[in-house]
>>> print(open('start_1.txt').read())   # compact mmCIF, C-alpha atoms
# COMPACT_ATOMS: atom_id res chain seq x y z
CA MET I 1 119.38 97.05 102.10
CA PRO I 2 119.39 99.00 98.86
CA PHE I 3 120.72 97.18 95.86
CA ILE I 4 122.58 99.27 93.34
CA ASN I 5 123.17 97.78 89.94
CA PHE I 6 125.65 99.74 87.86
CA SER I 7 125.36 97.44 84.91
CA LYS I 8 121.70 98.39 84.56
CA ASP I 9 121.96 101.81 86.27
CA GLU I 10 119.26 100.76 88.65
CA ILE I 11 118.63 101.16 92.37
CA GLN I 12 116.26 98.74 94.09
CA CYS I 13 114.81 99.50 97.52
CA LYS I 14 112.46 97.59 99.77
CA ILE I 15 109.55 99.29 101.54
CA VAL I 16 107.40 97.34 103.98
CA TYR I 17 103.83 98.25 104.98
CA TYR I 18 103.44 97.26 108.62
CA GLY I 19 100.52 97.39 111.03
CA ALA I 20 97.91 95.42 112.95
CA GLY I 21 95.51 92.95 111.29
CA PHE I 22 92.81 94.51 109.07
CA CYS I 23 94.36 98.00 109.19
CA GLY I 24 94.51 98.25 105.39
CA LYS I 25 98.07 97.39 104.30
CA THR I 26 96.98 95.21 101.41
CA THR I 27 94.31 97.78 100.46
CA ASN I 28 97.07 100.40 100.14
CA LEU I 29 98.95 98.18 97.69
CA GLN I 30 95.80 97.32 95.78
CA TYR I 31 95.00 101.02 95.31
CA ILE I 32 98.55 101.78 94.16
CA PHE I 33 98.46 98.82 91.79
CA ALA I 34 95.14 99.96 90.31
CA GLN I 35 96.30 103.54 89.78
CA MET I 36 99.84 103.11 88.45
CA GLY I 37 100.44 103.04 84.71
CA GLU I 38 101.23 99.73 83.04
CA ASN I 39 104.80 100.79 82.29
CA SER I 40 105.74 101.57 85.83
CA LYS I 41 104.43 98.56 87.69
CA GLY I 42 104.99 94.84 87.83
CA LYS I 43 102.42 92.23 88.78
CA MET I 44 100.95 92.29 92.23
CA VAL I 45 101.59 89.05 94.04
CA SER I 46 99.51 88.07 97.05
CA ILE I 47 100.27 84.90 98.89
CA ASP I 48 97.46 82.81 100.30
CA THR I 49 95.06 85.47 101.31
CA ARG I 50 92.51 83.49 103.26
CA GLY I 51 89.35 85.33 104.22
CA ASP I 52 90.91 88.76 103.63
CA ARG I 53 93.91 88.02 105.80
CA THR I 54 97.38 88.09 104.33
CA LEU I 55 99.11 84.86 105.29
CA PHE I 56 102.60 85.64 104.08
CA PHE I 57 102.91 88.91 102.19
CA ASP I 58 101.82 90.96 99.20
CA PHE I 59 104.42 92.17 96.79
CA LEU I 60 104.37 94.94 94.22
CA SER I 61 107.30 96.30 92.25
CA LEU I 62 107.17 99.91 91.02
CA ASN I 63 109.40 102.02 88.83
CA LEU I 64 109.61 105.54 90.21
CA GLY I 65 111.52 107.16 87.38
CA LYS I 66 115.08 108.36 87.18
CA ILE I 67 117.37 110.01 89.68
CA ARG I 68 120.67 111.17 88.18
CA GLY I 69 120.50 108.56 85.50
CA PHE I 70 119.55 105.73 87.84
CA ASP I 71 116.23 103.97 87.49
CA VAL I 72 114.70 103.78 90.94
CA ARG I 73 112.70 100.67 91.56
CA VAL I 74 110.89 100.18 94.85
CA GLN I 75 109.49 96.90 95.99
CA LEU I 76 106.50 97.21 98.25
CA TYR I 77 105.73 94.43 100.68
CA THR I 78 103.03 94.00 103.30
CA VAL I 79 103.26 91.80 106.37
CA PRO I 80 100.51 89.72 107.93
CA GLY I 81 99.13 91.80 110.80
CA GLN I 82 97.85 89.09 113.09
CA VAL I 83 99.87 88.73 116.29
CA HIS I 84 100.76 85.06 115.84
CA TYR I 85 102.43 85.56 112.45
CA ASP I 86 105.48 87.21 113.96
CA ALA I 87 107.96 84.81 112.32
CA THR I 88 106.60 85.78 108.90
CA ARG I 89 106.84 89.48 109.70
CA LYS I 90 110.49 89.04 110.61
CA LEU I 91 111.14 87.31 107.28
CA VAL I 92 109.52 90.09 105.28
CA LEU I 93 111.47 92.76 107.19
CA LYS I 94 114.76 91.26 106.04
CA GLY I 95 116.71 93.86 104.09
CA VAL I 96 114.09 96.59 104.61
CA ASP I 97 114.96 100.15 103.54
CA GLY I 98 111.84 101.95 104.73
CA VAL I 99 108.59 101.29 106.60
CA VAL I 100 105.05 102.62 106.32
CA PHE I 101 103.21 102.02 109.56
CA VAL I 102 99.51 101.82 108.81
CA ALA I 103 97.39 102.65 111.85
CA ASP I 104 93.72 101.75 112.07
CA SER I 105 91.71 104.82 113.09
CA LEU I 106 88.90 102.74 114.63
CA LYS I 107 88.68 103.36 118.35
CA VAL I 108 88.47 99.64 119.12
CA GLN I 109 91.84 99.09 117.44
CA ARG I 110 93.71 101.60 119.60
CA LYS I 111 95.55 99.01 121.69
CA LYS I 112 96.39 96.86 118.63
CA ASN I 113 98.01 99.81 116.85
CA ILE I 114 100.29 100.47 119.80
CA GLU I 115 101.15 96.78 120.16
CA SER I 116 101.96 96.52 116.47
CA LEU I 117 104.25 99.58 116.59
CA ILE I 118 106.10 98.11 119.57
CA ASN I 119 106.36 94.82 117.68
CA LEU I 120 107.83 96.68 114.69
CA ALA I 121 110.43 98.37 116.91
CA LYS I 122 111.35 95.03 118.44
CA ASN I 123 111.63 93.20 115.12
CA LEU I 124 113.71 96.00 113.59
CA ALA I 125 115.98 96.04 116.64
CA GLU I 126 116.60 92.31 116.17
CA LYS I 127 118.00 93.19 112.75
CA GLY I 128 120.16 95.93 114.22
CA ILE I 129 117.90 98.70 112.88
CA SER I 130 116.56 101.43 115.14
CA ILE I 131 112.96 102.54 114.61
CA ARG I 132 114.22 106.07 115.32
CA THR I 133 116.55 106.13 112.35
CA VAL I 134 114.88 103.91 109.72
CA PRO I 135 112.92 105.88 107.09
CA LEU I 136 109.39 105.70 108.51
CA VAL I 137 106.02 107.21 107.69
CA ILE I 138 102.82 106.72 109.67
CA GLN I 139 99.45 106.56 107.95
CA TYR I 140 96.17 107.03 109.82
CA ASN I 141 93.89 104.92 107.72
CA LYS I 142 90.12 104.61 107.43
CA ARG I 143 89.51 108.35 107.87
CA ASP I 144 86.64 108.00 105.39
CA LEU I 145 84.66 106.41 108.22
CA ASP I 146 84.62 109.75 110.03
CA GLY I 147 81.03 110.84 110.52
CA THR I 148 79.65 107.30 110.16
CA ASP I 149 78.50 104.96 112.92
CA SER I 150 82.01 103.63 113.43
CA GLU I 151 83.75 105.36 116.27
CA LEU I 152 87.08 106.82 115.17
CA LEU I 153 89.98 108.14 117.18
CA PRO I 154 90.79 111.79 116.45
CA VAL I 155 94.05 112.22 114.52
CA GLU I 156 95.47 114.09 117.53
CA THR I 157 94.96 111.03 119.73
CA LEU I 158 96.56 108.72 117.14
CA ASP I 159 99.45 111.17 116.89
CA LYS I 160 99.87 111.17 120.64
CA ASP I 161 99.67 107.36 120.85
CA LEU I 162 101.99 106.53 118.00
CA ASN I 163 104.02 109.52 116.91
CA SER I 164 104.75 111.60 120.00
CA MET I 165 108.23 110.10 120.37
CA LEU I 166 109.06 109.29 116.76
CA LYS I 167 107.88 112.54 115.20
CA VAL I 168 107.91 111.13 111.67
CA PRO I 169 105.75 112.39 108.77
CA SER I 170 102.14 111.23 109.12
CA PHE I 171 99.18 111.22 106.76
CA SER I 172 95.43 110.80 107.13
CA ALA I 173 94.23 108.35 104.53
CA SER I 174 91.54 106.17 103.15
CA ALA I 175 93.23 103.25 101.44
CA LEU I 176 89.86 102.08 100.14
CA LYS I 177 89.06 105.37 98.40
CA GLY I 178 92.64 106.38 97.74
CA ALA I 179 92.97 109.57 99.76
CA GLY I 180 96.44 109.88 101.24
CA VAL I 181 97.74 106.66 99.67
CA PHE I 182 100.07 108.28 97.15
CA GLU I 183 101.04 111.04 99.60
CA THR I 184 102.24 108.29 101.93
CA LEU I 185 104.07 106.43 99.18
CA ARG I 186 105.69 109.61 97.87
CA GLU I 187 106.97 110.59 101.30
CA ILE I 188 108.40 107.18 102.18
CA SER I 189 110.03 106.92 98.74
CA LYS I 190 111.67 110.32 99.25
CA LEU I 191 112.92 109.36 102.69
CA VAL I 192 114.28 106.04 101.45
CA VAL I 193 116.07 107.55 98.48
CA LYS I 194 117.56 110.25 100.73
CA ASP I 195 118.68 107.59 103.18
CA VAL I 196 120.21 105.46 100.43
CA SER I 197 122.04 108.53 99.14
CA ARG I 198 123.31 109.32 102.60
CA LYS I 199 124.54 105.78 103.14
CA ILE I 200 126.27 105.48 99.85
CA MET I 201 128.26 108.63 99.60
CA LEU I 202 131.42 110.09 98.18
CA VAL I 203 132.65 109.91 94.70
CA ASP I 204 134.16 107.04 92.83
CA GLN I 205 133.36 107.58 89.19
CA GLN I 206 135.59 104.75 88.05
CA LEU I 207 132.93 102.32 89.17
CA ARG I 208 130.68 103.46 86.35
CA MET V 209 124.59 96.39 104.37
CA ASN V 210 124.24 97.72 100.85
CA ILE V 211 124.78 95.65 97.75
CA ILE V 212 126.48 97.42 94.92
CA ILE V 213 127.07 95.57 91.69
CA THR V 214 129.40 97.13 89.16
CA ARG V 215 129.76 96.10 85.54
CA GLU V 216 132.96 94.29 86.51
CA ASP V 217 131.14 92.37 89.24
CA LEU V 218 128.40 91.41 86.85
CA LYS V 219 130.94 90.15 84.36
CA LYS V 220 132.42 87.94 87.06
CA ILE V 221 129.00 86.69 88.12
CA ASN V 222 127.88 86.04 84.54
CA PHE V 223 131.01 83.99 83.95
CA PHE V 224 129.81 81.56 86.61
CA LEU V 225 126.17 81.65 85.53
CA ASP V 226 127.25 80.88 81.98
CA LYS V 227 129.21 77.93 83.33
CA VAL V 228 126.10 76.66 85.13
CA VAL V 229 123.91 76.94 82.04
CA THR V 230 126.35 75.44 79.57
CA SER V 231 127.56 72.57 81.76
CA SER V 232 124.21 71.53 83.22
CA LEU V 233 121.95 72.26 80.21
CA ALA V 234 119.64 74.29 82.41
CA HIS V 235 117.86 76.95 80.37
CA SER V 236 118.25 79.84 82.78
CA VAL V 237 119.66 80.79 86.11
CA LEU V 238 118.98 83.71 88.46
CA LEU V 239 120.98 85.03 91.35
CA ILE V 240 118.99 86.77 94.06
CA ASP V 241 119.77 88.06 97.52
CA ARG V 242 118.01 86.79 100.61
CA SER V 243 115.81 89.82 100.93
CA GLY V 244 114.34 89.13 97.49
CA GLN V 245 116.31 91.49 95.23
CA LEU V 246 117.34 90.22 91.83
CA ILE V 247 121.12 90.47 91.37
CA ALA V 248 121.66 88.83 88.00
CA GLN V 249 119.91 86.69 85.42
CA TYR V 250 121.29 84.56 82.66
CA GLY V 251 119.79 82.25 80.07
CA ASP V 252 117.15 82.11 77.43
CA ASN V 253 113.73 81.91 79.04
CA LEU V 254 113.57 85.18 80.88
CA GLU V 255 110.22 86.48 79.74
CA ILE V 256 108.82 85.28 83.02
CA ASP V 257 108.18 87.72 85.86
CA VAL V 258 111.65 87.52 87.43
CA LEU V 259 110.97 90.22 90.05
CA SER V 260 108.07 88.31 91.55
CA LEU V 261 110.04 85.09 91.23
CA SER V 262 112.86 86.68 93.23
CA ALA V 263 110.58 87.93 96.00
CA LEU V 264 108.82 84.57 96.26
CA THR V 265 112.07 82.61 96.21
CA ALA V 266 113.51 84.60 99.10
CA ALA V 267 110.28 84.05 101.03
CA ASN V 268 110.30 80.36 100.17
CA PHE V 269 113.85 80.02 101.40
CA GLY V 270 113.10 81.94 104.57
CA ALA V 271 110.04 79.82 105.28
CA THR V 272 111.88 76.54 104.80
CA ALA V 273 114.72 77.82 107.00
CA GLU V 274 112.14 78.17 109.77
CA ILE V 275 110.95 74.61 109.09
CA ALA V 276 114.58 73.48 109.34
CA LYS V 277 114.94 75.19 112.71
CA ILE V 278 111.86 73.41 114.03
CA LEU V 279 113.50 70.14 113.00
CA GLY V 280 116.76 71.08 114.67
CA GLU V 281 118.58 71.91 111.44
CA GLU V 282 120.20 75.24 110.83
CA GLU V 283 118.93 75.51 107.27
CA PHE V 284 118.04 73.48 104.19
CA THR V 285 120.66 74.50 101.70
CA LEU V 286 118.83 73.28 98.61
CA LEU V 287 115.24 73.04 97.47
CA PHE V 288 113.74 71.44 94.43
CA HIS V 289 110.30 71.85 92.87
CA LYS V 290 109.21 69.58 90.07
CA GLY V 291 106.58 70.49 87.53
CA LYS V 292 105.24 68.75 84.43
CA SER V 293 107.78 70.36 82.13
CA GLU V 294 109.48 73.07 84.19
CA ASN V 295 111.56 72.41 87.25
CA VAL V 296 113.33 74.73 89.61
CA TYR V 297 116.30 74.11 91.82
CA PHE V 298 117.27 76.54 94.60
CA THR V 299 120.72 76.54 96.18
CA ALA V 300 122.13 78.75 98.93
CA VAL V 301 125.36 80.33 97.75
CA GLY V 302 127.21 81.68 100.76
CA GLU V 303 125.46 83.71 103.39
CA HIS V 304 123.53 86.23 101.33
CA VAL V 305 122.66 84.76 97.96
CA ILE V 306 120.35 82.14 96.46
CA MET V 307 120.87 80.63 93.02
CA VAL V 308 117.67 79.71 91.18
CA THR V 309 118.17 77.27 88.32
CA LEU V 310 115.31 76.68 85.87
CA PHE V 311 115.41 73.58 83.72
CA ASP V 312 113.18 71.33 81.64
CA ASP V 313 113.36 67.70 80.50
CA LYS V 314 116.48 68.26 78.37
CA THR V 315 118.55 67.61 81.47
CA SER V 316 118.24 65.81 84.79
CA LEU V 317 118.22 66.76 88.44
CA GLY V 318 121.38 64.69 88.95
CA LEU V 319 123.38 66.61 86.38
CA ILE V 320 122.06 69.94 87.66
CA ARG V 321 123.07 69.08 91.22
CA LEU V 322 126.50 67.84 90.19
CA ARG V 323 127.36 70.91 88.13
CA ILE V 324 125.99 73.39 90.63
CA ASN V 325 127.89 71.76 93.48
CA GLN V 326 131.06 72.15 91.44
CA ILE V 327 130.45 75.80 90.67
CA ALA V 328 128.70 77.07 93.81
CA ASP V 329 131.85 77.20 95.95
CA GLU V 330 133.81 79.16 93.38
CA LEU V 331 130.89 81.54 92.92
CA SER V 332 130.53 81.87 96.67
CA ASN V 333 134.19 82.94 96.95
CA ALA V 334 133.77 85.46 94.16
CA LEU V 335 130.67 86.88 95.84
CA VAL V 336 132.44 87.25 99.19
CA SER V 337 134.89 89.65 97.58
CA ILE V 338 132.06 91.53 95.82
CA PHE V 339 130.06 91.88 99.04
CA LYS V 340 133.05 92.83 101.16
CA GLU V 341 134.46 95.58 98.99
CA LYS V 342 133.41 98.97 100.20
CA LYS V 343 132.20 100.82 97.14
CA GLU V 344 131.12 104.38 97.04
CA ILE V 345 129.14 106.29 94.50
CA PRO V 346 128.21 109.93 94.00
CA ILE V 347 125.57 111.43 96.24
CA LEU V 348 122.15 111.13 94.65
CA GLU V 349 119.62 113.86 95.13
CA PRO V 350 115.95 112.99 94.92
CA GLN V 351 114.75 115.03 91.96
CA ARG V 352 111.61 113.45 90.69
CA LEU V 353 109.53 110.90 92.46
CA LEU V 354 106.25 109.49 91.22
>>> encode(input="start_1.txt", output="structure tokens")
Amino acid sequence: MPFINFSKDEIQCKIVYYGAGFCGKTTNLQYIFAQMGENSKGKMVSIDTRGDRTLFFDFLSLNLGKIRGFDVRVQLYTVPGQVHYDATRKLVLKGVDGVVFVADSLKVQRKKNIESLINLAKNLAEKGISIRTVPLVIQYNKRDLDGTDSELLPVETLDKDLNSMLKVPSFSASALKGAGVFETLREISKLVVKDVSRKIMLVDQQLR
Amino acid sequence: MNIIITREDLKKINFFLDKVVTSSLAHSVLLIDRSGQLIAQYGDNLEIDVLSLSALTAANFGATAEIAKILGEEEFTLLFHKGKSENVYFTAVGEHVIMVTLFDDKTSLGLIRLRINQIADELSNALVSIFKEKKEIPILEPQRLL
């Protein structure tokens, strides 16, 4: 649900990072927070992270610059990935404008990725949003572990598992080291802004 | 649903927020939507991080709504947190909006509740018309991101 404020010439959008437990949603936000300039970011808020698990959500507000005179502000949220926190995930999805689905490239997480994507589709559907039309980007995280002892799924397999039907933009990434993090953010921001523009069309200059 | 606030809308909203602040002696009041977006702010102590406050308030409200459901209630329509010198009072205003009133020991919870009860219905009616109106703006093209 984009929020357009004509009195401040500002558009606010909500982007949610979704995915199974320990896939790296919070790490994505932490990397973005560390890299963004002081002027374009707010504080990063993390609620009750107990033993590296997000209990409620993380929140980070970013200023992405101007589009036709409007300041574009995106608010990034993560959800808790663990299966039993579904009620919390539904709360965080309220009013969502775009989703980044973070997939864990570890082979052992294959089933959890698929379950989490199905859970996302279900929770969006409950809000009357179709996973096929919502701005969505998939990120294959932890690619930096390629060539180590950890067994990774090839990107092709992840693509087949998660993106064969959706066919949305996807990125290989390492949230820990930063590769692919901003590419993902840039793409989802573009899709969201495009979608907001599409939704709110036609001309009524007298509003300004 | 999209929320679009024009200058006119904000004027209307600020009229009510001013009423809250002047009649209850609260020092500031915020209006946020249930997904955590800040709609308007009014008052004197707004150096605090209002964006985080908005996100957390929406979450707080959502979480207590779930507690209410467990207890067989539809929702708790007001919440109050007391601190040593700062207090915060949350009220649901209509379906989509939460009013966050910040106050210190210059006033009392009783007065805050009384004044907000008087004003919340009027504000709720005003917001219904703001939220219902279909507003349209020029197409925006993404030009520069990040």
>>> interface_residues(input="start_1.txt", of="chain I", to="chain V", cutoff="9 Å", atoms="only C-alpha atoms", output="PyMOL selection string")
chain I and resi 1-8+12-14+42-45+47+56-57+59-61+63-68+72+75+87-88+91-96+182+185-186+189-190+193-194+196-205+207-208
>>> closest_residue(input="start_1.txt", among="I:Val181, I:Leu153, I:Ile131, I:Val192", to="I:Leu166", atoms="all atoms listed in the file")
I:Ile131
>>> atom_distance(input="start_1.txt", atom1="atom CA of I:Ser174", atom2="atom CA of I:Leu106")
12.3 Å
>>> residues_around(input="start_1.txt", residues="I:Ile32", least_positions_apart="2", cutoff="10 Å", atoms="all atoms listed in the file", output="ChimeraX atom specification")
/I:26-30,34-37,41,44,60,62,175,178,181-182,185
>>> atom_distance(input="start_1.txt", atom1="atom CA of V:Ser316", atom2="atom CA of V:Ser232")
8.4 Å
>>> closest_residue(input="start_1.txt", among="V:Tyr250, V:Leu317, V:Glu303, V:Thr309", to="V:Asp329", atoms="all atoms listed in the file")
V:Glu303
>>> closest_residue(input="start_1.txt", among="I:Lys167, I:Asp9, I:Gly21, I:Lys90", to="I:Glu126", atoms="all atoms listed in the file")
I:Lys90
>>> atom_distance(input="start_1.txt", atom1="atom CA of V:Asp313", atom2="atom CA of V:Ser231")
15.1 Å
>>> residues_around(input="start_1.txt", residues="I:Lys112", least_positions_apart="2", cutoff="9 Å", atoms="all atoms listed in the file", output="list of chain:residue names")
I:Gly19, I:Ala20, I:Gly21, I:Ala103, I:Asp104, I:Val108, I:Gln109, I:Arg110, I:Ile114, I:Glu115, I:Ser116, I:Leu117
>>> residues_near_point(input="start_1.txt", point="(102.9, 90.7, 114.8)", cutoff="8 Å", atoms="all atoms listed in the file", output="list of chain:residue names")
I:Ala20, I:Pro80, I:Gly81, I:Gln82, I:Val83, I:His84, I:Tyr85, I:Asp86, I:Arg89, I:Ser116, I:Asn119, I:Leu120
>>> residues_around(input="start_1.txt", residues="V:Gly302", least_positions_apart="6", cutoff="10 Å", atoms="only C-alpha atoms", output="list in words")
Thr285, Ala328, Asp329, Leu331, Ser332, Asn333, Leu335 and Val336 of chain V
>>> residues_around(input="start_1.txt", residues="I:Lys107", least_positions_apart="2", cutoff="12 Å", atoms="only C-alpha atoms", output="PDB file with C-alpha atoms, in the frame of the given file")
ATOM      1  CA  ALA I 103      97.390 102.650 111.850  1.00  0.00           C
ATOM      2  CA  ASP I 104      93.720 101.750 112.070  1.00  0.00           C
ATOM      3  CA  SER I 105      91.710 104.820 113.090  1.00  0.00           C
ATOM      4  CA  GLN I 109      91.840  99.090 117.440  1.00  0.00           C
ATOM      5  CA  ARG I 110      93.710 101.600 119.600  1.00  0.00           C
ATOM      6  CA  LYS I 111      95.550  99.010 121.690  1.00  0.00           C
ATOM      7  CA  LYS I 112      96.390  96.860 118.630  1.00  0.00           C
ATOM      8  CA  ASN I 113      98.010  99.810 116.850  1.00  0.00           C
ATOM      9  CA  TYR I 140      96.170 107.030 109.820  1.00  0.00           C
ATOM     10  CA  ASN I 141      93.890 104.920 107.720  1.00  0.00           C
ATOM     11  CA  LYS I 142      90.120 104.610 107.430  1.00  0.00           C
ATOM     12  CA  ARG I 143      89.510 108.350 107.870  1.00  0.00           C
ATOM     13  CA  LEU I 145      84.660 106.410 108.220  1.00  0.00           C
ATOM     14  CA  ASP I 146      84.620 109.750 110.030  1.00  0.00           C
ATOM     15  CA  ASP I 149      78.500 104.960 112.920  1.00  0.00           C
ATOM     16  CA  SER I 150      82.010 103.630 113.430  1.00  0.00           C
ATOM     17  CA  GLU I 151      83.750 105.360 116.270  1.00  0.00           C
ATOM     18  CA  LEU I 152      87.080 106.820 115.170  1.00  0.00           C
ATOM     19  CA  LEU I 153      89.980 108.140 117.180  1.00  0.00           C
ATOM     20  CA  PRO I 154      90.790 111.790 116.450  1.00  0.00           C
ATOM     21  CA  VAL I 155      94.050 112.220 114.520  1.00  0.00           C
ATOM     22  CA  THR I 157      94.960 111.030 119.730  1.00  0.00           C
ATOM     23  CA  LEU I 158      96.560 108.720 117.140  1.00  0.00           C
ATOM     24  CA  ASP I 161      99.670 107.360 120.850  1.00  0.00           C
TER      25      ASP I 161
END
>>> closest_residue(input="start_1.txt", among="V:His304, V:Thr315, V:Lys277, V:Ser236", to="V:Lys340", atoms="only C-alpha atoms")
V:His304
>>> closest_residue(input="start_1.txt", among="V:Thr272, V:Phe311, V:Gly251, V:Phe339", to="V:Gly291", atoms="all atoms listed in the file")
V:Phe311
>>> build_atoms(input="start_1.txt", residues="stretch 228-248 of chain V", atoms="N, CA and C atoms", output="compact mmCIF listing (two decimals), keeping the file's coordinate frame")
# COMPACT_ATOMS: atom_id res chain seq x y z
N VAL V 228 127.21 77.49 84.65
CA VAL V 228 126.10 76.66 85.13
C VAL V 228 125.22 76.25 83.96
N VAL V 229 124.84 77.22 83.14
CA VAL V 229 123.91 76.94 82.04
C VAL V 229 124.54 76.00 81.02
N THR V 230 125.77 76.27 80.63
CA THR V 230 126.35 75.44 79.57
C THR V 230 126.71 74.02 80.05
N SER V 231 127.14 73.90 81.32
CA SER V 231 127.56 72.57 81.76
C SER V 231 126.39 71.71 82.23
N SER V 232 125.30 72.34 82.67
CA SER V 232 124.21 71.53 83.22
C SER V 232 123.03 71.41 82.26
N LEU V 233 123.05 72.20 81.19
CA LEU V 233 121.95 72.26 80.21
C LEU V 233 120.66 72.82 80.80
N ALA V 234 120.80 73.55 81.90
CA ALA V 234 119.64 74.29 82.41
C ALA V 234 119.34 75.39 81.41
N HIS V 235 118.09 75.91 81.36
CA HIS V 235 117.86 76.95 80.37
C HIS V 235 118.06 78.35 80.92
N SER V 236 117.92 78.52 82.23
CA SER V 236 118.25 79.84 82.78
C SER V 236 118.58 79.75 84.26
N VAL V 237 119.27 80.77 84.71
CA VAL V 237 119.66 80.79 86.11
C VAL V 237 119.59 82.23 86.62
N LEU V 238 119.09 82.39 87.84
CA LEU V 238 118.98 83.71 88.46
C LEU V 238 119.79 83.71 89.75
N LEU V 239 120.31 84.87 90.08
CA LEU V 239 120.98 85.03 91.35
C LEU V 239 120.21 86.11 92.10
N ILE V 240 119.74 85.77 93.30
CA ILE V 240 118.99 86.77 94.06
C ILE V 240 119.54 86.87 95.47
N ASP V 241 119.30 87.97 96.14
CA ASP V 241 119.77 88.06 97.52
C ASP V 241 118.64 87.65 98.44
N ARG V 242 118.98 87.41 99.71
CA ARG V 242 118.01 86.79 100.61
C ARG V 242 116.85 87.69 100.97
N SER V 243 116.97 88.97 100.65
CA SER V 243 115.81 89.82 100.93
C SER V 243 114.89 89.92 99.70
N GLY V 244 115.25 89.21 98.64
CA GLY V 244 114.34 89.13 97.49
C GLY V 244 114.71 90.02 96.31
N GLN V 245 115.89 90.65 96.35
CA GLN V 245 116.31 91.49 95.23
C GLN V 245 117.02 90.65 94.18
N LEU V 246 116.69 90.93 92.93
CA LEU V 246 117.34 90.22 91.83
C LEU V 246 118.73 90.82 91.59
N ILE V 247 119.75 89.97 91.59
CA ILE V 247 121.12 90.47 91.37
C ILE V 247 121.53 90.28 89.91
N ALA V 248 121.27 89.08 89.39
CA ALA V 248 121.66 88.83 88.00
C ALA V 248 120.79 87.73 87.41
